[in-house]
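Dropping my_file16.txt in here (compact mmCIF, C-alpha atoms):
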```txt
# COMPACT_ATOMS: atom_id res chain seq x y z
CA MET A 1 -41.76 15.39 7.54
CA ASP A 2 -40.56 15.15 11.11
CA LYS A 3 -38.29 12.19 10.33
CA ALA A 4 -36.61 14.17 7.55
CA GLN A 5 -35.94 17.04 9.90
CA GLU A 6 -34.49 14.68 12.47
CA ILE A 7 -32.03 13.24 9.97
CA ALA A 8 -30.97 16.70 8.93
CA LYS A 9 -30.42 17.74 12.54
CA GLN A 10 -28.37 14.60 13.27
CA GLU A 11 -25.72 15.79 10.79
CA GLU A 12 -25.06 18.90 12.83
CA LYS A 13 -24.23 17.04 16.01
CA SER A 14 -21.75 14.61 14.47
CA VAL A 15 -18.16 15.80 14.62
CA GLU A 16 -16.58 16.09 11.22
CA LYS A 17 -14.09 13.28 10.66
CA THR A 18 -10.76 13.88 9.06
CA ARG A 19 -10.03 11.65 6.11
CA GLU A 20 -10.54 8.05 7.10
CA MET A 21 -7.77 5.53 6.73
CA TYR A 22 -8.32 2.95 4.05
CA GLU A 23 -7.91 -0.65 5.07
CA ALA A 24 -6.15 -2.84 2.58
CA THR A 25 -5.15 -6.48 2.41
CA PRO A 26 -1.45 -6.94 1.77
CA ALA A 27 -0.46 -9.54 -0.83
CA VAL A 28 1.25 -12.49 0.85
CA ASP A 29 3.25 -15.51 -0.15
CA ILE A 30 3.24 -18.52 2.15
CA TYR A 31 5.86 -21.26 2.07
CA GLU A 32 6.36 -24.28 4.27
CA ASN A 33 8.99 -26.90 4.91
CA GLU A 34 9.54 -29.39 7.70
CA ASP A 35 10.91 -26.89 10.17
CA GLU A 36 9.00 -23.70 9.65
CA ILE A 37 6.35 -21.74 7.84
CA LEU A 38 7.36 -18.57 6.00
CA LEU A 39 5.09 -15.67 5.34
CA HIS A 40 6.12 -12.75 3.11
CA ALA A 41 3.77 -9.76 3.02
CA ASP A 42 4.06 -6.69 0.78
CA MET A 43 3.79 -3.53 2.85
CA PRO A 44 5.49 -0.75 0.91
CA GLY A 45 6.12 2.48 2.76
CA VAL A 46 5.55 1.06 6.24
CA VAL A 47 8.25 1.48 8.88
CA LYS A 48 9.12 -1.02 11.61
CA GLU A 49 7.54 1.05 14.37
CA ASP A 50 4.12 0.99 12.71
CA ILE A 51 3.90 -2.76 12.31
CA SER A 52 2.32 -5.15 14.78
CA VAL A 53 2.36 -8.91 14.59
CA ASP A 54 0.19 -10.88 17.01
CA ILE A 55 -0.32 -14.57 17.47
CA ASP A 56 -3.18 -15.51 19.69
CA ASN A 57 -4.84 -18.85 20.02
CA GLY A 58 -4.01 -20.09 16.57
CA THR A 59 -4.66 -16.80 14.77
CA LEU A 60 -1.88 -14.70 13.34
CA SER A 61 -2.73 -11.04 12.70
CA ILE A 62 -0.44 -8.63 10.96
CA SER A 63 -1.10 -4.95 10.66
CA GLY A 64 0.97 -2.08 9.34
CA VAL A 65 0.07 1.58 9.00
CA ARG A 66 1.52 3.67 6.23
CA LYS A 67 1.46 7.42 6.43
CA LEU A 68 2.82 9.39 3.51
CA GLU A 69 4.21 12.79 4.29
CA THR A 70 2.66 14.98 1.68
CA GLU A 71 2.44 18.71 1.39
CA GLY A 72 -0.65 19.93 -0.38
CA ALA A 73 -2.83 18.10 -2.89
CA ALA A 74 -1.60 15.46 -5.30
CA THR A 75 -2.04 15.86 -9.04
CA TYR A 76 -2.61 12.16 -9.44
CA GLU A 77 -2.86 9.69 -6.61
CA GLU A 78 -3.08 5.92 -6.81
CA PHE A 79 -1.95 5.04 -3.32
CA SER A 80 -2.25 6.97 -0.08
CA ASP A 81 -2.33 6.45 3.67
CA VAL A 82 -3.47 2.95 4.31
CA GLU A 83 -3.61 0.34 7.02
CA TYR A 84 -2.57 -3.11 5.89
CA VAL A 85 -4.46 -5.73 7.87
CA ARG A 86 -4.67 -9.46 7.46
CA SER A 87 -5.24 -12.48 9.68
CA PHE A 88 -4.47 -16.12 9.19
CA SER A 89 -5.15 -19.23 11.16
CA VAL A 90 -1.94 -21.01 11.99
CA PRO A 91 -1.65 -24.57 13.17
CA GLN A 92 -1.31 -25.03 16.92
CA THR A 93 2.07 -26.57 16.32
CA ILE A 94 3.86 -23.23 15.86
CA ASP A 95 6.43 -22.39 18.50
CA VAL A 96 5.28 -18.86 19.35
CA ASP A 97 8.42 -18.00 21.33
CA ARG A 98 10.70 -18.50 18.36
CA VAL A 99 8.77 -16.47 15.78
CA GLU A 100 10.97 -13.98 13.93
CA ALA A 101 10.03 -11.01 11.80
CA GLU A 102 12.08 -8.95 9.41
CA LEU A 103 11.15 -5.84 7.42
CA LYS A 104 13.18 -5.09 4.33
CA GLU A 105 12.42 -3.00 1.21
CA GLY A 106 8.77 -2.81 2.24
CA VAL A 107 8.37 -6.58 2.56
CA LEU A 108 7.58 -8.14 5.94
CA ARG A 109 9.04 -11.60 6.31
CA LEU A 110 7.85 -13.84 9.12
CA HIS A 111 9.48 -17.08 10.21
CA LEU A 112 7.13 -19.34 12.12
CA PRO A 113 9.13 -22.30 13.39
CA LYS A 114 7.28 -25.49 14.10
CA SER A 115 7.64 -26.88 17.56
CA GLU A 116 9.82 -29.96 17.95
CA ALA A 117 6.93 -32.17 18.87
CA ALA A 118 5.16 -31.46 15.59
CA LYS A 119 8.03 -32.35 13.29
CA PRO A 120 7.51 -35.50 11.32
CA ARG A 121 9.48 -38.34 12.77
CA GLN A 122 10.23 -41.65 11.24
CA ILE A 123 9.09 -44.40 13.60
CA GLU A 124 11.44 -47.28 13.67
CA ILE A 125 9.88 -50.71 13.59
CA LYS A 126 11.60 -53.17 15.80
CA THR A 127 11.48 -56.79 15.00
CA THR A 128 11.76 -59.32 17.73
CA MET B 129 -45.14 24.52 7.16
CA PHE B 130 -42.33 26.74 5.98
CA THR B 131 -39.06 25.02 5.25
CA LYS B 132 -35.99 27.02 6.09
CA ILE B 133 -33.15 27.17 3.54
CA SER B 134 -30.76 26.07 6.25
CA ASP B 135 -32.80 22.93 6.81
CA ILE B 136 -32.66 22.07 3.13
CA ASP B 137 -28.91 22.71 3.25
CA ARG B 138 -28.52 20.35 6.13
CA LEU B 139 -30.58 17.74 4.33
CA PHE B 140 -28.30 17.94 1.31
CA GLY B 141 -25.34 17.79 3.64
CA THR B 142 -26.61 14.48 4.94
CA MET B 143 -27.09 13.18 1.43
CA ASN B 144 -23.53 14.22 0.58
CA LEU B 145 -22.31 12.29 3.59
CA LEU B 146 -24.14 9.21 2.36
CA GLN B 147 -22.70 9.68 -1.11
CA ARG B 148 -19.22 9.93 0.32
CA LYS B 149 -19.68 6.80 2.40
CA LEU B 150 -20.83 4.90 -0.67
CA ASP B 151 -17.88 6.23 -2.64
CA ASN B 152 -15.52 5.03 0.05
CA LEU B 153 -17.21 1.64 0.02
CA TYR B 154 -16.65 1.10 -3.68
CA GLY B 155 -13.32 2.84 -3.52
CA ASP B 156 -12.04 0.02 -1.36
CA TYR B 157 -12.64 -2.43 -4.15
CA GLU B 158 -10.25 -0.55 -6.36
CA ARG B 159 -7.52 0.23 -3.91
CA PRO B 160 -6.39 -2.75 -1.88
CA SER B 161 -3.74 -4.81 -3.55
CA GLY B 162 -5.66 -8.02 -2.93
CA TYR B 163 -8.26 -7.04 -5.48
CA ARG B 164 -6.05 -5.69 -8.20
CA TRP B 165 -4.55 -8.81 -9.69
CA GLU B 166 -3.78 -7.45 -13.16
CA LEU B 167 -2.24 -4.21 -12.04
CA GLU B 168 -0.16 -5.84 -9.30
CA SER B 169 2.34 -7.47 -11.61
CA ALA B 170 1.82 -5.14 -14.55
CA ALA B 171 2.72 -1.79 -13.07
CA PRO B 172 3.46 -0.21 -9.71
CA ARG B 173 0.95 2.23 -8.28
CA THR B 174 2.17 5.79 -8.67
CA ASN B 175 1.42 9.21 -7.28
CA LEU B 176 2.29 12.45 -9.00
CA TYR B 177 2.75 15.67 -7.05
CA GLU B 178 3.59 19.13 -8.32
CA HIS B 179 5.35 21.64 -6.08
CA GLY B 180 6.12 24.86 -7.94
CA ASP B 181 9.44 24.13 -9.60
CA ASN B 182 9.49 20.36 -9.11
CA PHE B 183 7.49 17.31 -9.92
CA GLU B 184 7.55 14.51 -7.43
CA ILE B 185 6.72 10.95 -8.34
CA ARG B 186 6.28 8.16 -5.83
CA ALA B 187 5.85 4.55 -6.84
CA GLU B 188 5.08 1.50 -4.73
CA VAL B 189 7.84 -1.00 -5.50
CA PRO B 190 8.08 -3.42 -2.56
CA GLY B 191 10.78 -6.03 -2.63
CA LEU B 192 12.85 -4.25 -5.26
CA GLU B 193 16.46 -3.21 -4.88
CA LYS B 194 18.19 -0.33 -6.65
CA ASP B 195 19.58 -2.63 -9.31
CA ASP B 196 16.21 -4.05 -10.24
CA LEU B 197 14.82 -0.67 -11.28
CA ASN B 198 15.35 1.51 -14.36
CA VAL B 199 14.25 5.11 -14.63
CA LYS B 200 14.44 6.85 -18.00
CA ILE B 201 13.67 10.48 -18.75
CA GLN B 202 13.39 12.32 -22.01
CA GLY B 203 11.85 15.77 -22.13
CA ASN B 204 8.46 15.23 -20.55
CA TYR B 205 8.42 11.47 -20.98
CA LEU B 206 9.22 9.35 -17.95
CA GLU B 207 9.54 5.58 -17.93
CA ILE B 208 9.89 3.38 -14.85
CA SER B 209 10.67 -0.25 -15.48
CA GLY B 210 12.12 -3.14 -13.59
CA GLU B 211 11.99 -6.75 -12.66
CA ARG B 212 10.56 -8.22 -9.54
CA LYS B 213 12.35 -11.43 -8.73
CA SER B 214 10.87 -14.21 -6.69
CA ASP B 215 12.20 -14.59 -3.16
CA ALA B 216 10.83 -18.07 -2.71
CA PRO B 217 13.24 -20.15 -0.72
CA GLU B 218 14.54 -23.42 -2.12
CA GLY B 219 12.97 -26.64 -1.04
CA TYR B 220 9.82 -25.18 0.48
CA LYS B 221 6.32 -26.15 -0.41
CA THR B 222 4.33 -23.18 -1.69
CA HIS B 223 0.91 -22.62 -0.19
CA LYS B 224 0.07 -19.25 -1.62
CA THR B 225 1.60 -16.76 -4.08
CA GLU B 226 -0.15 -13.44 -4.37
CA ARG B 227 2.81 -11.17 -4.94
CA GLY B 228 3.36 -10.94 -8.69
CA ILE B 229 6.81 -11.44 -10.13
CA GLY B 230 8.31 -10.55 -13.47
CA PHE B 231 9.10 -7.54 -15.60
CA PHE B 232 7.04 -4.41 -15.45
CA SER B 233 7.15 -1.08 -17.18
CA ARG B 234 5.12 2.08 -16.84
CA SER B 235 5.47 5.34 -18.73
CA PHE B 236 4.10 8.79 -18.12
CA THR B 237 3.81 11.99 -20.06
CA LEU B 238 4.38 14.74 -17.54
CA PRO B 239 2.57 18.07 -17.80
CA ALA B 240 5.89 19.85 -18.48
CA ASP B 241 9.44 19.19 -19.60
CA VAL B 242 11.92 18.04 -17.00
CA ASP B 243 15.57 18.98 -16.55
CA SER B 244 17.00 15.46 -16.77
CA THR B 245 20.40 16.42 -15.34
CA LYS B 246 18.98 17.37 -11.97
CA VAL B 247 16.70 14.43 -11.28
CA GLU B 248 17.03 12.71 -7.90
CA ALA B 249 15.82 9.25 -7.10
CA THR B 250 15.71 7.44 -3.74
CA LEU B 251 14.39 4.05 -2.79
CA LYS B 252 13.08 3.87 0.76
CA ASN B 253 10.97 1.19 2.45
CA GLY B 254 9.85 -0.18 -0.87
CA VAL B 255 8.73 3.20 -2.23
CA LEU B 256 10.58 4.95 -5.06
CA TYR B 257 10.77 8.73 -4.65
CA LEU B 258 11.65 10.77 -7.74
CA THR B 259 12.22 14.51 -7.63
CA LEU B 260 12.07 15.97 -11.12
CA PRO B 261 12.92 19.64 -11.43
CA LYS B 262 11.08 21.36 -14.24
CA HIS B 263 12.93 22.68 -17.22
CA GLU B 264 13.73 26.38 -17.01
CA ALA B 265 11.22 27.26 -19.69
CA ALA B 266 8.46 25.37 -17.90
CA LYS B 267 8.92 26.92 -14.45
CA PRO B 268 6.20 29.24 -13.23
CA LYS B 269 7.33 32.83 -13.63
CA LYS B 270 6.01 35.89 -11.98
CA ILE B 271 4.88 38.53 -14.42
CA SER B 272 4.98 42.07 -13.10
CA ILE B 273 2.36 44.45 -14.34
CA SER B 274 3.78 47.76 -15.40
```
Represent the supplied structure as structure tokens.
Amino acid sequence: MDKAQEIAKQEEKSVEKTREMYEATPAVDIYENEDEILLHADMPGVVKEDISVDIDNGTLSISGVRKLETEGAATYEEFSDVEYVRSFSVPQTIDVDRVEAELKEGVLRLHLPKSEAAKPRQIEIKTT
Amino acid sequence: MFTKISDIDRLFGTMNLLQRKLDNLYGDYERPSGYRWELESAAPRTNLYEHGDNFEIRAEVPGLEKDDLNVKIQGNYLEISGERKSDAPEGYKTHKTERGIGFFSRSFTLPADVDSTKVEATLKNGVLYLTLPKHEAAKPKKISIS
């Protein structure tokens, strides 16, 4: 009986949270050639200022927050405010200083150039 | 051993909180694009809002340009269709493709007729915004009581 009362009382102390942000995984396409790795992520409705791209110790994390400006309740809602989050492990051979990102039509495009040292090189065999 | 009504209320409040948390938990399985393979390439996710004299429709259409989309209106029937083209670069090896490509089409029957001459459509950040003013006959009218 006492436990039940304790649980009930707990509710009172907790501050009521405003609607929580959903976390979603953005769909991505990954392509690779000799010079770079490309990553295209779908993030509709997200603006440049709300995106963050981090590379740390071989892990690439992208996150973008979308806030829809809505007045009042929706009649029918299939998408709402969401935070797109996803991480990937990238090979150590990526040149972090030359990474480029572009946001267009709600698609985030990342260019991850490979460092010179990692590019495949043909070794010439000398005959003596 | 009397139980106060307010205590019972609080107990139900806690149970509601638990219910909501569970709803959110399963809700996540329906919402994120990673889990909705069929719907991803079949139809864009859409929201419908109603503000007095207008309907507003928003659809998630990332990666689409103006020319790739078609919007058709007739009375209270709305159809959004288009083609998502692949932006895969030439000569690259593909590791992963999750973003669906191809034609899609989605139609709606709106709760009221729309004035098709005054419809506005904008494409911003991969979201299509449609403002559909209601037909004169369908607008809410104030009735004065004599």
Check every residue of chain A for an atom within 8 Å of chain B, counting all atoms listed in the file, and provide those that qualify as a PyMOL selection string. chain A and resi 4-5+7-9+11-12+22-33+42-47+73-79+104-107
Give me the residues near stretch 208-211 of chain B as a ChimeraX atom specification, where near means some atom within 6 Å (using all atoms listed in the file) and where sequence neighbours in that chain fewer than 5 positions away do not count. /B:196-199,230-234
Kindly indicate which residue among B:Lys200, B:Gln147, B:Thr237, B:Ser244 lies nearest to B:Glu264, using all atoms listed in the file for the distances.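 Between B:Lys200, B:Gln147, B:Thr237, B:Ser244, the residue approaching B:Glu264 most closely is B:Ser244.
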Between atom CA of A:Glu102 and atom CA of A:Leu39, distance in Å (one decimal): 10.5 Å
How far is it from atom CA of A:Ala41 to atom CA of A:Glu71, in Å with one decimal?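 About the pair atom CA of A:Ala41 and atom CA of A:Glu71: they are 28.5 Å apart.
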Distance in Å - atom CA of A:Glu36 versus atom CA of A:His111: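 Interatomic distance, atom CA of A:Glu36 to atom CA of A:His111: 6.7 Å.
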Within 7 Å of B:Asp243, counting all atoms listed in the file, which residues show up once you throw out same-chain ones fewer than 2 positions away? Write them as a PDB file with C-alpha atoms, keeping the file's coordinate frame, please.
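Written file, result-v1.pdb:
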```
ATOM      1  CA  ASP B 241       9.440  19.190 -19.600  1.00  0.00           C
ATOM      2  CA  THR B 245      20.400  16.420 -15.340  1.00  0.00           C
ATOM      3  CA  LYS B 246      18.980  17.370 -11.970  1.00  0.00           C
ATOM      4  CA  PRO B 261      12.920  19.640 -11.430  1.00  0.00           C
ATOM      5  CA  LYS B 262      11.080  21.360 -14.240  1.00  0.00           C
ATOM      6  CA  HIS B 263      12.930  22.680 -17.220  1.00  0.00           C
TER       7      HIS B 263
END
```
Shortest interatomic distance to A:Leu68 - which of A:Glu100, A:Asp56, A:Asp95, A:Glu83, counting all atoms listed in the file: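 Of the candidates, the smallest distance to A:Leu68 is held by A:Glu83.
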